[in-house]
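Containing compact mmCIF, C-alpha atoms: my_file.txt.
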# COMPACT_ATOMS: atom_id res chain seq x y z
CA MET A 1 -156.96 -63.08 -195.11
CA HIS A 2 -155.92 -66.49 -193.79
CA PRO A 3 -152.82 -66.06 -191.54
CA TYR A 4 -150.74 -68.44 -193.67
CA ARG A 5 -151.60 -66.59 -196.88
CA ARG A 6 -150.95 -63.26 -195.15
CA ASN A 7 -147.47 -64.43 -194.05
CA THR A 8 -146.75 -65.61 -197.58
CA ALA A 9 -147.81 -62.22 -198.96
CA ILE A 10 -145.50 -60.41 -196.49
CA VAL A 11 -142.54 -62.61 -197.43
CA THR A 12 -143.23 -62.15 -201.16
CA LEU A 13 -143.45 -58.37 -200.75
CA GLY A 14 -140.19 -58.34 -198.81
CA LEU A 15 -138.44 -60.34 -201.50
CA THR A 16 -139.78 -58.09 -204.23
CA ALA A 17 -138.42 -55.08 -202.31
CA ALA A 18 -135.04 -56.80 -201.97
CA LEU A 19 -135.00 -57.48 -205.72
CA THR A 20 -135.83 -53.85 -206.50
CA CYS A 21 -133.16 -52.52 -204.16
CA ALA A 22 -130.56 -54.81 -205.69
CA GLY A 23 -130.93 -52.79 -208.89
CA CYS A 24 -131.47 -49.32 -207.40
CA ASP A 25 -127.78 -48.93 -206.56
CA ARG A 26 -127.10 -47.80 -210.11
CA ALA A 27 -129.81 -45.24 -210.72
CA GLY A 28 -128.55 -41.95 -212.18
CA ASP A 29 -124.87 -42.50 -211.41
CA ASP A 30 -123.45 -43.03 -214.91
CA THR A 31 -123.28 -39.32 -215.78
CA ASP A 32 -121.59 -38.37 -212.49
CA VAL A 33 -119.04 -41.18 -212.85
CA ARG A 34 -118.21 -40.26 -216.45
CA ARG A 35 -117.81 -36.59 -215.49
CA ALA A 36 -115.52 -37.42 -212.52
CA ALA A 37 -113.24 -39.63 -214.64
CA LEU A 38 -113.02 -37.14 -217.51
CA SER A 39 -112.35 -34.12 -215.31
CA PHE A 40 -109.54 -36.06 -213.59
CA LEU A 41 -107.92 -37.06 -216.89
CA GLU A 42 -108.40 -33.59 -218.44
CA ALA A 43 -106.76 -31.95 -215.40
CA ALA A 44 -103.80 -34.33 -215.58
CA GLN A 45 -103.47 -33.79 -219.35
CA ARG A 46 -103.34 -29.99 -219.01
CA HIS A 47 -100.80 -30.42 -216.18
CA ASP A 48 -103.16 -29.08 -213.52
CA GLY A 49 -101.78 -31.36 -210.80
CA ALA A 50 -103.79 -29.78 -207.96
CA ALA A 51 -107.10 -30.38 -209.73
CA ALA A 52 -106.11 -33.92 -210.73
CA CYS A 53 -105.09 -34.78 -207.16
CA ALA A 54 -108.34 -33.32 -205.81
CA ALA A 55 -110.17 -35.84 -208.01
CA LEU A 56 -108.29 -38.79 -206.49
CA ALA A 57 -109.46 -40.91 -203.54
CA PRO A 58 -107.38 -40.15 -200.39
CA LYS A 59 -105.53 -43.50 -200.55
CA ALA A 60 -104.63 -43.02 -204.22
CA ARG A 61 -103.38 -39.52 -203.43
CA SER A 62 -101.23 -40.69 -200.52
CA GLY A 63 -99.93 -43.55 -202.68
CA LEU A 64 -98.46 -41.01 -205.10
CA GLU A 65 -96.87 -39.10 -202.24
CA SER A 66 -95.13 -42.12 -200.72
CA GLY A 67 -91.81 -41.35 -202.43
CA GLY A 68 -91.64 -37.90 -200.82
CA ASP A 69 -92.85 -36.08 -203.93
CA GLU A 70 -96.02 -34.04 -203.91
CA CYS A 71 -99.08 -35.60 -205.54
CA ALA A 72 -99.55 -32.62 -207.88
CA LYS A 73 -96.01 -32.97 -209.21
CA GLU A 74 -96.13 -36.74 -209.45
CA ILE A 75 -99.48 -37.04 -211.24
CA VAL A 76 -98.58 -34.82 -214.19
CA GLY A 77 -95.54 -36.96 -214.89
CA ARG A 78 -97.58 -40.11 -215.48
CA GLY A 79 -98.54 -39.22 -219.05
CA LEU A 80 -102.30 -39.46 -218.44
CA ARG A 81 -104.47 -38.63 -221.46
CA THR A 82 -108.21 -38.26 -221.83
CA GLY A 83 -110.04 -40.10 -224.61
CA ALA A 84 -113.41 -41.18 -225.94
CA VAL A 85 -115.48 -42.97 -223.34
CA THR A 86 -116.42 -46.45 -224.55
CA GLY A 87 -118.24 -47.72 -221.46
CA VAL A 88 -119.36 -46.84 -217.92
CA GLN A 89 -120.30 -49.40 -215.28
CA VAL A 90 -121.56 -48.58 -211.79
CA TRP A 91 -121.99 -51.35 -209.19
CA GLY A 92 -122.81 -50.38 -205.64
CA GLU A 93 -120.21 -47.93 -204.36
CA ARG A 94 -117.76 -48.68 -207.19
CA ALA A 95 -117.49 -47.74 -210.84
CA GLN A 96 -115.35 -48.28 -213.92
CA VAL A 97 -114.94 -45.99 -216.94
CA ARG A 98 -113.41 -47.41 -220.09
CA LEU A 99 -111.84 -44.98 -222.54
CA ALA A 100 -109.90 -45.41 -225.74
CA GLY A 101 -106.48 -46.28 -224.33
CA ASP A 102 -107.28 -46.17 -220.59
CA THR A 103 -109.47 -47.63 -217.89
CA VAL A 104 -110.30 -45.71 -214.69
CA PHE A 105 -111.74 -47.10 -211.45
CA LEU A 106 -113.72 -44.95 -209.02
CA ALA A 107 -115.39 -45.11 -205.59
CA ARG A 108 -118.32 -43.12 -204.24
CA PHE A 109 -117.41 -40.59 -201.51
CA PRO A 110 -119.66 -38.18 -199.59
CA GLY A 111 -118.49 -35.35 -201.89
CA GLY A 112 -118.90 -37.34 -205.11
CA TRP A 113 -117.03 -39.97 -207.13
CA LYS A 114 -113.24 -40.13 -206.68
CA VAL A 115 -110.64 -41.97 -208.76
CA THR A 116 -109.09 -45.00 -207.04
CA ALA A 117 -107.02 -46.19 -210.01
CA ALA A 118 -106.10 -44.84 -213.46
CA ALA A 119 -103.92 -45.63 -216.46
CA CYS A 120 -105.00 -49.26 -216.08
CA GLU A 121 -104.31 -52.00 -218.60
CA SER A 122 -106.14 -55.30 -218.50
CA ARG A 123 -104.16 -58.49 -218.06
CA PRO A 124 -105.16 -61.92 -219.32
CA LYS A 125 -105.84 -63.05 -215.73
CA GLY A 126 -106.23 -61.17 -212.45
CA PRO A 127 -106.59 -57.46 -211.74
CA TYR A 128 -105.73 -54.59 -214.09
CA ASP A 129 -102.17 -53.26 -214.04
CA CYS A 130 -102.50 -49.58 -213.01
CA GLN A 131 -99.94 -46.77 -212.98
CA VAL A 132 -101.97 -44.82 -210.44
CA GLU A 133 -103.52 -46.99 -207.75
CA ALA A 134 -104.82 -46.64 -204.19
CA MET B 1 -156.01 -59.55 -177.87
CA ARG B 2 -154.62 -61.91 -175.22
CA ARG B 3 -156.38 -64.78 -176.90
CA PHE B 4 -154.98 -63.78 -180.29
CA LEU B 5 -151.46 -63.69 -178.84
CA ARG B 6 -151.88 -67.10 -177.22
CA ASP B 7 -153.43 -68.70 -180.29
CA ASN B 8 -150.66 -67.39 -182.53
CA ALA B 9 -147.77 -67.42 -180.07
CA LEU B 10 -145.59 -69.79 -182.11
CA THR B 11 -145.71 -67.71 -185.30
CA LEU B 12 -145.42 -64.39 -183.43
CA PHE B 13 -142.43 -65.59 -181.40
CA PHE B 14 -140.51 -66.60 -184.50
CA LEU B 15 -141.45 -63.40 -186.35
CA ALA B 16 -140.20 -61.37 -183.37
CA ILE B 17 -136.85 -63.15 -183.15
CA LEU B 18 -136.58 -62.94 -186.96
CA LEU B 19 -136.78 -59.14 -186.69
CA LEU B 20 -134.25 -59.06 -183.85
CA ALA B 21 -131.82 -61.28 -185.73
CA LEU B 22 -132.29 -59.27 -188.92
CA ALA B 23 -131.58 -56.05 -187.01
CA GLY B 24 -128.44 -57.60 -185.52
CA GLN B 25 -127.33 -58.83 -188.94
CA ALA B 26 -127.93 -55.37 -190.42
CA VAL B 27 -125.84 -53.58 -187.77
CA SER B 28 -122.96 -56.08 -187.79
CA GLY B 29 -123.05 -56.26 -191.59
CA TRP B 30 -122.90 -52.46 -191.82
CA TYR B 31 -119.80 -52.31 -189.61
CA GLY B 32 -118.15 -55.12 -191.58
CA TYR B 33 -119.01 -53.52 -194.92
CA ASN B 34 -117.54 -50.17 -193.84
CA ASP B 35 -114.35 -51.88 -192.63
CA ASP B 36 -113.98 -53.43 -196.09
CA GLN B 37 -114.71 -50.12 -197.79
CA LEU B 38 -111.92 -48.38 -195.88
CA ALA B 39 -109.49 -51.24 -196.51
CA GLN B 40 -110.22 -50.99 -200.25
CA ALA B 41 -109.71 -47.21 -200.57
CA GLY B 42 -113.44 -46.44 -200.47
CA ALA B 43 -115.65 -44.44 -198.11
CA GLU B 44 -118.00 -45.51 -195.33
CA ILE B 45 -121.73 -45.49 -196.10
CA SER B 46 -124.74 -44.64 -193.93
CA PHE B 47 -126.80 -47.34 -192.22
CA GLY B 48 -129.80 -46.46 -194.41
CA ARG B 49 -127.76 -46.91 -197.56
CA TYR B 50 -126.43 -50.24 -196.31
CA LEU B 51 -129.98 -51.46 -195.66
CA THR B 52 -130.87 -50.88 -199.32
CA SER B 53 -127.56 -52.19 -200.64
CA SER B 54 -127.10 -55.30 -202.71
CA GLN B 55 -124.61 -56.56 -200.12
CA PHE B 56 -127.28 -56.69 -197.41
CA ALA B 57 -129.86 -58.08 -199.87
CA VAL B 58 -127.63 -60.98 -200.96
CA ASP B 59 -126.69 -61.85 -197.38
CA VAL B 60 -130.39 -62.06 -196.47
CA ALA B 61 -131.56 -63.79 -199.64
CA GLU B 62 -128.91 -66.53 -199.60
CA ASN B 63 -130.14 -67.69 -196.20
CA TRP B 64 -133.83 -67.34 -196.99
CA GLN B 65 -133.61 -69.44 -200.17
CA SER B 66 -131.95 -72.31 -198.34
CA GLU B 67 -134.57 -72.30 -195.56
CA TYR B 68 -137.42 -72.45 -198.06
CA LEU B 69 -135.62 -75.13 -200.07
CA GLN B 70 -135.32 -77.16 -196.87
CA PHE B 71 -139.05 -76.93 -196.14
CA PHE B 72 -140.00 -77.49 -199.78
CA LEU B 73 -137.91 -80.66 -199.94
CA TYR B 74 -139.04 -81.87 -196.54
CA ILE B 75 -142.71 -81.41 -197.42
CA PHE B 76 -142.39 -83.25 -200.75
CA VAL B 77 -139.88 -85.93 -199.78
CA THR B 78 -141.84 -86.99 -196.68
CA VAL B 79 -144.70 -87.96 -199.01
CA TRP B 80 -142.56 -90.69 -200.53
CA LEU B 81 -139.77 -91.52 -198.05
CA VAL B 82 -140.09 -92.66 -194.44
CA GLN B 83 -137.77 -92.95 -191.43
CA ARG B 84 -138.74 -95.81 -189.14
CA GLY B 85 -139.01 -94.61 -185.53
CA SER B 86 -139.12 -90.88 -186.36
CA PRO B 87 -142.03 -88.70 -185.26
CA GLU B 88 -141.29 -86.60 -188.36
CA SER B 89 -142.19 -89.47 -190.67
CA LYS B 90 -145.24 -91.45 -191.75
CA LYS B 91 -145.26 -95.14 -190.89
CA PRO B 92 -143.47 -97.54 -193.30
CA GLY B 93 -146.02 -98.75 -195.85
CA GLU B 94 -147.85 -95.42 -195.97
CA GLU B 95 -145.60 -93.91 -198.64
CA GLY B 96 -147.35 -91.97 -201.38
CA GLU B 97 -150.11 -89.39 -201.67
CA GLU B 98 -152.71 -91.66 -199.97
CA SER B 99 -156.37 -92.14 -200.83
CA ASP B 100 -159.12 -89.49 -200.99
CA ARG B 101 -160.70 -91.09 -197.93
CA GLU B 102 -157.49 -90.77 -195.89
CA GLN B 103 -156.90 -87.23 -197.11
CA LYS B 104 -160.57 -86.13 -196.83
CA THR B 105 -160.59 -84.84 -200.38
CA GLY B 106 -163.25 -84.86 -203.14
CA ARG B 107 -166.44 -86.57 -201.99
CA HIS B 108 -164.71 -87.56 -198.71
CA ALA B 109 -164.36 -83.92 -197.63
CA ASP B 110 -166.33 -83.18 -194.48
CA ALA B 111 -168.03 -80.07 -193.12
CA GLY B 112 -164.80 -78.73 -191.61
CA SER B 113 -162.66 -79.32 -194.73
CA PRO B 114 -161.30 -76.29 -196.60
CA HIS B 115 -163.55 -75.41 -199.56
CA TRP B 116 -160.94 -76.32 -202.15
CA ALA B 117 -160.38 -79.79 -200.60
CA ALA B 118 -163.78 -80.84 -202.00
CA ALA B 119 -163.05 -79.34 -205.43
CA GLY B 120 -161.81 -81.66 -208.12
CA GLY B 121 -159.71 -80.93 -211.20
CA LEU B 122 -156.80 -78.52 -211.29
CA ARG B 123 -158.07 -76.45 -208.34
CA GLY B 124 -158.27 -79.50 -206.09
CA ALA B 125 -154.90 -80.83 -207.28
CA LEU B 126 -153.20 -77.47 -206.68
CA PHE B 127 -154.71 -77.05 -203.21
CA ALA B 128 -153.67 -80.59 -202.31
CA ARG B 129 -150.03 -79.60 -202.99
CA SER B 130 -150.24 -75.89 -202.10
CA LEU B 131 -147.95 -76.01 -199.06
CA GLY B 132 -145.04 -77.49 -200.99
CA LEU B 133 -145.72 -75.39 -204.09
CA VAL B 134 -145.74 -72.12 -202.16
CA MET B 135 -142.54 -73.07 -200.29
CA GLY B 136 -140.95 -74.05 -203.61
CA ALA B 137 -142.05 -70.79 -205.24
CA ILE B 138 -140.63 -68.68 -202.39
CA PHE B 139 -137.39 -70.70 -202.66
CA LEU B 140 -137.10 -69.92 -206.37
CA VAL B 141 -137.88 -66.21 -205.91
CA SER B 142 -135.34 -65.87 -203.09
CA TRP B 143 -132.72 -67.78 -205.07
CA LEU B 144 -133.32 -65.43 -208.00
CA ALA B 145 -133.05 -62.46 -205.62
CA GLN B 146 -129.75 -63.90 -204.35
CA SER B 147 -128.43 -64.15 -207.91
CA ILE B 148 -129.43 -60.56 -208.82
CA ALA B 149 -128.27 -58.89 -205.60
CA GLY B 150 -125.24 -61.19 -205.46
CA ARG B 151 -124.14 -60.10 -208.92
CA VAL B 152 -124.28 -56.41 -207.91
CA ALA B 153 -122.31 -57.06 -204.71
CA TYR B 154 -119.81 -59.28 -206.55
CA ASN B 155 -119.28 -56.70 -209.29
CA ALA B 156 -118.69 -53.94 -206.71
CA GLU B 157 -116.07 -56.21 -205.16
CA GLN B 158 -114.52 -56.87 -208.58
CA LEU B 159 -114.23 -53.13 -209.25
CA ALA B 160 -112.73 -52.53 -205.78
CA ASP B 161 -110.09 -55.12 -206.73
CA TYR B 162 -109.54 -53.50 -210.19
CA GLU B 163 -111.14 -56.37 -212.07
CA ASP B 164 -113.92 -56.43 -214.68
CA PRO B 165 -117.60 -56.93 -213.71
CA VAL B 166 -119.39 -60.07 -214.90
CA THR B 167 -122.75 -60.71 -216.59
CA TRP B 168 -125.66 -62.38 -214.75
CA SER B 169 -124.99 -65.67 -216.53
CA GLY B 170 -121.29 -65.30 -215.66
CA TYR B 171 -122.24 -64.76 -212.02
CA VAL B 172 -124.60 -67.73 -211.68
CA THR B 173 -121.83 -70.00 -212.94
CA SER B 174 -119.21 -68.39 -210.68
CA ALA B 175 -117.57 -69.86 -207.60
CA ASP B 176 -118.96 -67.02 -205.47
CA PHE B 177 -122.60 -67.84 -206.33
CA TRP B 178 -122.24 -71.57 -205.77
CA ASN B 179 -120.17 -71.18 -202.63
CA ARG B 180 -122.82 -68.91 -201.11
CA THR B 181 -125.54 -71.34 -202.22
CA LEU B 182 -124.01 -74.66 -201.22
CA GLN B 183 -122.67 -73.52 -197.84
CA ASN B 184 -126.27 -72.77 -196.90
CA TRP B 185 -127.76 -75.91 -198.44
CA GLN B 186 -125.38 -78.28 -196.66
CA SER B 187 -126.28 -76.92 -193.23
CA GLU B 188 -130.02 -77.22 -193.95
CA PHE B 189 -129.67 -80.81 -195.14
CA LEU B 190 -127.61 -81.71 -192.07
CA ALA B 191 -130.23 -80.17 -189.76
CA VAL B 192 -133.06 -82.17 -191.39
CA ALA B 193 -131.12 -85.45 -191.34
CA SER B 194 -130.20 -84.86 -187.68
CA MET B 195 -133.80 -84.11 -186.70
CA ALA B 196 -135.16 -87.17 -188.52
CA ALA B 197 -132.57 -89.50 -186.97
CA LEU B 198 -132.11 -88.06 -183.46
CA SER B 199 -135.86 -87.88 -182.82
CA ILE B 200 -135.98 -91.70 -183.03
CA TYR B 201 -133.98 -92.06 -179.81
CA LEU B 202 -134.22 -88.70 -178.03
CA ARG B 203 -137.27 -86.98 -176.51
CA GLN B 204 -138.36 -83.45 -175.65
CA ARG B 205 -141.09 -83.59 -173.07
CA GLY B 206 -144.15 -81.60 -174.18
CA SER B 207 -142.85 -80.74 -177.67
CA SER B 208 -145.02 -81.34 -180.73
CA GLN B 209 -141.80 -82.24 -182.56
CA SER B 210 -141.00 -85.18 -180.25
CA LYS B 211 -142.61 -88.46 -179.37
CA PRO B 212 -144.05 -88.61 -175.85
CA VAL B 213 -141.17 -89.46 -173.51
CA GLY B 214 -142.32 -93.02 -172.76
CA THR B 215 -143.04 -93.97 -176.38
CA SER B 216 -141.01 -96.79 -177.90
CA ASP B 217 -138.06 -96.01 -180.19
CA GLU B 218 -139.81 -98.18 -182.78
CA ALA B 219 -142.94 -95.99 -182.91
CA THR B 220 -143.10 -93.97 -186.14
CA GLY B 221 -145.19 -90.85 -186.80
CA VAL B 222 -146.25 -90.40 -183.20
CA GLU B 223 -145.97 -86.80 -182.01
CA GLY B 224 -146.46 -85.56 -178.46

Take the structure I supplied and represent it as structure tokens, if you would.
Amino acid sequence: MHPYRRNTAIVTLGLTAALTCAGCDRAGDDTDVRRAALSFLEAAQRHDGAAACAALAPKARSGLESGGDECAKEIVGRGLRTGAVTGVQVWGERAQVRLAGDTVFLARFPGGWKVTAAACESRPKGPYDCQVEA
Amino acid sequence: MRRFLRDNALTLFFLAILLLALAGQAVSGWYGYNDDQLAQAGAEISFGRYLTSSQFAVDVAENWQSEYLQFFLYIFVTVWLVQRGSPESKKPGEEGEESDREQKTGRHADAGSPHWAAAGGLRGALFARSLGLVMGAIFLVSWLAQSIAGRVAYNAEQLADYEDPVTWSGYVTSADFWNRTLQNWQSEFLAVASMAALSIYLRQRGSSQSKPVGTSDEATGVEG
């Protein structure tokens, strides 16, 4: 092959690979994300504070403990309720689960997806307003 | 082998420093990405995962598209526009695609001409513009790659900030997309304008991109 055409082919292949990888972040994550959000909300709803706190990202957990109270005690007092999932979005290392009456944000950790924010309400402009937040 | 290296030294040198720079970008980008992850309540990721991430892809693609746009524009615009005194330019009065005789195309092709230079019709017309067309095509593909990878990276950032993700059409009309795009374009355009103008008055002895040192400032299209 002519060197110029060969270089062009290499560049084109590289770009195609970059395009493919841009989409491969999401593969197969939706189910894991949905399960992580629901198990967190179900634990909080049945007042299993230890299980709910275990599902939180470390920063979200320490955020609940900042007032001196334990996370497990604090989380069950937030009135969290599970509900029907209306949408799951996974982008890179982050995810969002929308439920009837709640929105949960998650991040990917070595041990699986952890909740970074919950009991979130959208605002007309800017970030969601969350009761539990890292 | 030695002859191959010497004959292709220019291309090989730039491919080698491309790989070195890309490796440096990957490592520094990985550290920066992990810093951001920790600051936004997330977890660090492995180097392998970063290499296949949309964040790395968009950072690479946004620079590639602007480089290919620069060459695409330079190749096409220098057909029609000149810069008096620049070795990068044709002489004033030579603007345009020139005659078949000057370009050695059609029946004026000689024994050493590429096969397609002698061909007429669409094949001949495409070959006669193939350099610009290929550069333009790579520009468009890399710009598209930037928009797709950029949307994934932007949406991950949105979720880390507890905001909603956006659609592709929402992303390509966003400030993030156009800021990434235009900050690269402006630097390419500045570099081309600087090269065209500075090469009128300045010299680089022995460089194919400069006039010979003793050539007049008025001389146009003379390369060393």

* Identify, on the basis of all atoms listed in the file, every residue whose closest approach to range 90-94 of chain A does not exceed 7 Å; exclude the query and any residue fewer than 5 positions from it along the same chain; express the result as number ranges by chain. => A: 25-26, 29-30, 106-108; B: 152-153, 155-156, 159-160

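Every protein or nucleic acid residue with an atom no more than 9 Å from Gly224 in chain B, counting all atoms listed in the file and leaving out same-chain residues fewer than 6 positions away, appears here: Pro87, Gln204, Arg205, Gly206, Ser207, Ser208, Gln209, Ser210, Lys211, Pro212 and Val213 of chain B.
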
Shell of 8 Å around range 56-62 of chain A, all atoms listed in the file, local chain residues under 6 positions omitted, as a short mmCIF file (atom, residue, chain, number, x, y, z; two decimals) with C-alpha atoms, keeping the file's coordinate frame:
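Dumped everything to result21.cif:
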data_model
loop_
_atom_site.label_atom_id
_atom_site.label_comp_id
_atom_site.auth_asym_id
_atom_site.auth_seq_id
_atom_site.Cartn_x
_atom_site.Cartn_y
_atom_site.Cartn_z
CA PHE A 40 -109.54 -36.06 -213.59
CA CYS A 71 -99.08 -35.60 -205.54
CA ALA A 107 -115.39 -45.11 -205.59
CA LYS A 114 -113.24 -40.13 -206.68
CA VAL A 115 -110.64 -41.97 -208.76
CA THR A 116 -109.09 -45.00 -207.04
CA ALA A 117 -107.02 -46.19 -210.01
CA VAL A 132 -101.97 -44.82 -210.44
CA GLU A 133 -103.52 -46.99 -207.75
CA ALA A 134 -104.82 -46.64 -204.19
CA ALA B 41 -109.71 -47.21 -200.57
CA GLY B 42 -113.44 -46.44 -200.47
#

* Identify, on the basis of only C-alpha atoms, every residue whose closest approach to Ala43 in chain A does not exceed 10 Å; exclude the query and any residue fewer than 2 positions from it along the same chain; express the result as a ChimeraX atom specification. => /A:38-41,45-55,75-76,80-82

* Could you write out as a PyMOL selection string the residues of chain B within 8 Å of chain A, counting only C-alpha atoms? -> chain B and resi 40-44+52-54+57+61+138+141-142+145+148-149+152-153+155-157+159-164

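Between CA of Glu97 in chain B and CA of Ile200 in chain B the interatomic distance comes to 23.5 Å.
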
* Structure fact -> Separating CA of Phe13 in chain B from CA of Gly29 in chain B, to the nearest tenth of an Å, is a gap of 23.8 Å

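What separates CA of Leu182 in chain B from CA of Leu18 in chain B is a distance of 22.3 Å.
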
* Find the residues near Tyr74 in chain B: any atom within 9 Å, counting all atoms listed in the file, skip ones fewer than 5 places away on the same chain, and give them as a list in words. => Leu69, Val79, Gly132 and Val192 of chain B

Let's have the selection written as an mmCIF file, in the frame of the given file, with C-alpha atoms.
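Listed below is the output, part_10.cif:
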data_model
loop_
_atom_site.group_PDB
_atom_site.id
_atom_site.type_symbol
_atom_site.label_atom_id
_atom_site.label_comp_id
_atom_site.auth_asym_id
_atom_site.auth_seq_id
_atom_site.Cartn_x
_atom_site.Cartn_y
_atom_site.Cartn_z
ATOM 1 C CA LEU B 69 -135.620 -75.130 -200.070
ATOM 2 C CA VAL B 79 -144.700 -87.960 -199.010
ATOM 3 C CA GLY B 132 -145.040 -77.490 -200.990
ATOM 4 C CA VAL B 192 -133.060 -82.170 -191.390
#

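For the choices A:Asp69, A:Gly101, A:Thr86, A:Arg78, the atom-to-atom distance to Arg34 in chain A is smallest for A:Thr86 when using all atoms listed in the file.
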
Go ahead and fit an axis-aligned box to every listed atom of range 109-117 of chain A plus 4 Å each side, and pass me the centre and edge lengths in Å, one decimal, as AutoDock Vina command-line options.
--center_x -113.3 --center_y -40.8 --center_z -204.8 --size_x 20.6 --size_y 18.8 --size_z 18.4

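With all atoms listed in the file as the atoms that count, the residue of B:Gln25, B:Leu10, B:Leu73, B:Asp36 with the shortest distance to Leu133 in chain B is B:Leu73.
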